[in-house]
Amino acid sequence: MSGKVLVVDDEPQILRAVTASLRGAGYDVTTADTAEAALTAAAVAPPDAVILDLVLPDGRGTDVVRELRTWSSVPVIVLSVVGDEGDKVDALDAGADDYVTKPFGVEELLARLRAAMRRVESSPEPLRQVGELRVDLEKRAVSFDGRPVQLTPHELKLLLLFVRNEGKLLTHATILREVWGRAYADESHYLHVYVSQLRRKLEPDPARPRTILTEPGVGYRLVDPLRDS
């Protein structure tokens, strides 16, 4: 996979290391070290993906994401330090696709980048296959390992949200808002119950989920276990 990636970080060492790794993997890289420079670069020469530090000298990465989302759907992966859980959640709620925690491994960053860019390139076909899970978005029909699966209306709505955002990390607040509405943004117990119900119907071993994964303290993501294992 190749494409143009904008890397935004005010730490020269990280900027050089990430740039070298991405270029070695075949990506065309541009860089910025401030929030203002990042937004200007994204507007002048729109990238295929953005890797964005959360802490910048002239603002927060979260604000950059929020501004980008007013005019661009480009995949954004945020970089954060350990302990910035609240900031990570805020960035994801603002529209970021994923995050990587510093210090990070190059292979992890490249894998997250490939996954984020793959979502943009994915086919809009109404029939989606995720591992053994098969979902017909038009007919709203679900099967697993060839067997039809009966879902309640809220279970189906939750699963469709996951499928349409395959691989993307969705925060608790985002899921609750999209499935139940803004009034339920703090009702996380609803979400835990329905995710557990989905896993019982869609996972061979619900205690060890392979398709609907938990990101502790942040949210959930749906992955293809045959491709992402």
# chains A, B, ... in the order shown; residues from 1 in each chain; ligands from 1
call {"tool": "residues_around", "arguments": {"residues": "region 78-95 of chain A", "least_positions_apart": "6", "cutoff": "12 Å", "atoms": "only C-alpha atoms", "output": "JSON, numbers by chain"}}
result
{"A": [6, 7, 8, 9, 10, 11, 14, 15, 18, 49, 50, 51, 52, 53, 54, 55, 56, 60, 61, 62, 63, 64, 65, 66, 67, 68, 69, 70, 71, 72, 101, 102, 103, 104, 105, 108, 109, 112, 113, 116, 168, 169, 170, 171, 172, 173, 174, 175, 176, 177, 178, 185, 215, 216, 217, 218, 219, 220]}
call {"tool": "select_by_dssp", "arguments": {"residues": "region 60-223 of chain A", "states": "strand (DSSP E)", "output": "PyMOL selection string"}}
result
chain A and resi 60+76-81+98-102+127-130+133-136+141-144+147-148+170-171+212-215+219-222
call {"tool": "atom_distance", "arguments": {"atom1": "CA of Leu156 (chain A)", "atom2": "CA of Val120 (chain A)"}}
result
22.9 Å
call {"tool": "select_by_dssp", "arguments": {"residues": "region 118-224 of chain A", "states": "alpha helix (DSSP H)", "output": "number ranges by chain"}}
result
A: 118-121, 153-164, 172-179, 188-202
call {"tool": "write_last_selection", "arguments": {"atoms": "C-alpha atoms", "output": "short mmCIF file (atom, residue, chain, number, x, y, z; two decimals), in the first residue's frame"}}
result
data_model
loop_
_atom_site.label_atom_id
_atom_site.label_comp_id
_atom_site.auth_asym_id
_atom_site.auth_seq_id
_atom_site.Cartn_x
_atom_site.Cartn_y
_atom_site.Cartn_z
CA ARG A 118 -8.01 0.34 3.77
CA ARG A 119 -11.30 1.56 5.25
CA VAL A 120 -11.32 4.50 2.87
CA GLU A 121 -10.61 2.23 -0.09
CA PRO A 153 -33.33 -3.95 16.43
CA HIS A 154 -30.71 -2.40 18.72
CA GLU A 155 -28.31 -5.31 18.26
CA LEU A 156 -28.63 -4.93 14.49
CA LYS A 157 -28.13 -1.18 14.61
CA LEU A 158 -25.03 -1.65 16.75
CA LEU A 159 -23.61 -4.30 14.44
CA LEU A 160 -24.26 -2.21 11.32
CA LEU A 161 -22.36 0.68 12.92
CA PHE A 162 -19.42 -1.64 13.61
CA VAL A 163 -19.46 -3.11 10.10
CA ARG A 164 -19.60 0.27 8.38
CA HIS A 172 -18.33 4.51 24.04
CA ALA A 173 -19.84 7.99 23.62
CA THR A 174 -19.78 7.78 19.83
CA ILE A 175 -21.50 4.39 19.77
CA LEU A 176 -24.14 5.40 22.31
CA ARG A 177 -24.87 8.61 20.40
CA GLU A 178 -25.19 6.82 17.04
CA VAL A 179 -27.25 3.85 18.27
CA SER A 188 -22.40 2.93 29.13
CA HIS A 189 -24.13 -0.02 30.82
CA TYR A 190 -26.45 -0.22 27.78
CA LEU A 191 -23.45 -0.66 25.55
CA HIS A 192 -21.78 -3.35 27.67
CA VAL A 193 -24.99 -5.38 27.73
CA TYR A 194 -25.56 -5.21 23.97
CA VAL A 195 -21.93 -5.91 23.06
CA SER A 196 -22.06 -8.98 25.31
CA GLN A 197 -25.26 -10.11 23.54
CA LEU A 198 -23.68 -9.64 20.11
CA ARG A 199 -20.64 -11.62 21.15
CA ARG A 200 -22.80 -14.50 22.34
CA LYS A 201 -24.41 -14.63 18.90
CA LEU A 202 -21.35 -13.90 16.74
#
call {"tool": "atom_distance", "arguments": {"atom1": "CA of Val29 (chain A)", "atom2": "CA of Leu110 (chain A)"}}
result
13.2 Å
call {"tool": "closest_residue", "arguments": {"among": "A:Glu132, A:Asp145, A:Glu138, A:Asp186", "to": "Asp224 (chain A)", "atoms": "only C-alpha atoms"}}
result
A:Glu132
call {"tool": "atom_distance", "arguments": {"atom1": "CA of Pro57 (chain A)", "atom2": "CA of Leu39 (chain A)"}}
result
14.0 Å
call {"tool": "residues_around", "arguments": {"residues": "Gly146 (chain A)", "least_positions_apart": "6", "cutoff": "12 Å", "atoms": "only C-alpha atoms", "output": "MDAnalysis selection string"}}
result
chainID A and resid 129 131:135 202
call {"tool": "write_last_selection", "arguments": {"atoms": "N, CA, C and O atoms", "output": "PDB file, in the first residue's frame"}}
result
ATOM      1  N   GLN A 129     -18.307  -8.865   4.171  1.00  0.00           N
ATOM      2  CA  GLN A 129     -17.800 -10.086   4.789  1.00  0.00           C
ATOM      3  C   GLN A 129     -16.678  -9.699   5.737  1.00  0.00           C
ATOM      4  O   GLN A 129     -15.695  -9.076   5.341  1.00  0.00           O
ATOM      5  N   GLY A 131     -14.437 -11.813   8.262  1.00  0.00           N
ATOM      6  CA  GLY A 131     -14.197 -13.151   8.778  1.00  0.00           C
ATOM      7  C   GLY A 131     -15.351 -14.057   8.410  1.00  0.00           C
ATOM      8  O   GLY A 131     -15.746 -14.149   7.242  1.00  0.00           O
ATOM      9  N   GLU A 132     -15.924 -14.736   9.391  1.00  0.00           N
ATOM     10  CA  GLU A 132     -17.067 -15.621   9.149  1.00  0.00           C
ATOM     11  C   GLU A 132     -18.399 -14.877   9.234  1.00  0.00           C
ATOM     12  O   GLU A 132     -19.460 -15.469   9.025  1.00  0.00           O
ATOM     13  N   LEU A 133     -18.333 -13.592   9.543  1.00  0.00           N
ATOM     14  CA  LEU A 133     -19.526 -12.762   9.640  1.00  0.00           C
ATOM     15  C   LEU A 133     -19.881 -12.196   8.266  1.00  0.00           C
ATOM     16  O   LEU A 133     -19.039 -11.642   7.568  1.00  0.00           O
ATOM     17  N   ARG A 134     -21.135 -12.342   7.871  1.00  0.00           N
ATOM     18  CA  ARG A 134     -21.615 -11.842   6.581  1.00  0.00           C
ATOM     19  C   ARG A 134     -22.833 -10.962   6.835  1.00  0.00           C
ATOM     20  O   ARG A 134     -23.792 -11.396   7.488  1.00  0.00           O
ATOM     21  N   VAL A 135     -22.786  -9.738   6.334  1.00  0.00           N
ATOM     22  CA  VAL A 135     -23.863  -8.778   6.584  1.00  0.00           C
ATOM     23  C   VAL A 135     -24.330  -8.183   5.257  1.00  0.00           C
ATOM     24  O   VAL A 135     -23.525  -7.646   4.486  1.00  0.00           O
ATOM     25  N   LEU A 202     -22.258 -14.014  17.875  1.00  0.00           N
ATOM     26  CA  LEU A 202     -21.351 -13.903  16.738  1.00  0.00           C
ATOM     27  C   LEU A 202     -19.941 -14.409  16.988  1.00  0.00           C
ATOM     28  O   LEU A 202     -19.140 -14.476  16.047  1.00  0.00           O
TER      29      LEU A 202
END
call {"tool": "residues_around", "arguments": {"residues": "Asp58 (chain A)", "least_positions_apart": "5", "cutoff": "9 Å", "atoms": "only C-alpha atoms", "output": "PyMOL selection string"}}
result
chain A and resi 34-36
call {"tool": "write_last_selection", "arguments": {"atoms": "N, CA and C atoms", "output": "short mmCIF file (atom, residue, chain, number, x, y, z; two decimals), in the first residue's frame"}}
result
data_model
loop_
_atom_site.label_atom_id
_atom_site.label_comp_id
_atom_site.auth_asym_id
_atom_site.auth_seq_id
_atom_site.Cartn_x
_atom_site.Cartn_y
_atom_site.Cartn_z
N THR A 34 3.44 22.21 13.72
CA THR A 34 2.47 23.01 14.47
C THR A 34 1.06 22.70 13.96
N ALA A 35 0.06 23.08 14.74
CA ALA A 35 -1.32 22.87 14.34
C ALA A 35 -1.65 23.70 13.09
N GLU A 36 -1.20 24.94 13.08
CA GLU A 36 -1.47 25.81 11.93
C GLU A 36 -0.84 25.26 10.66
#
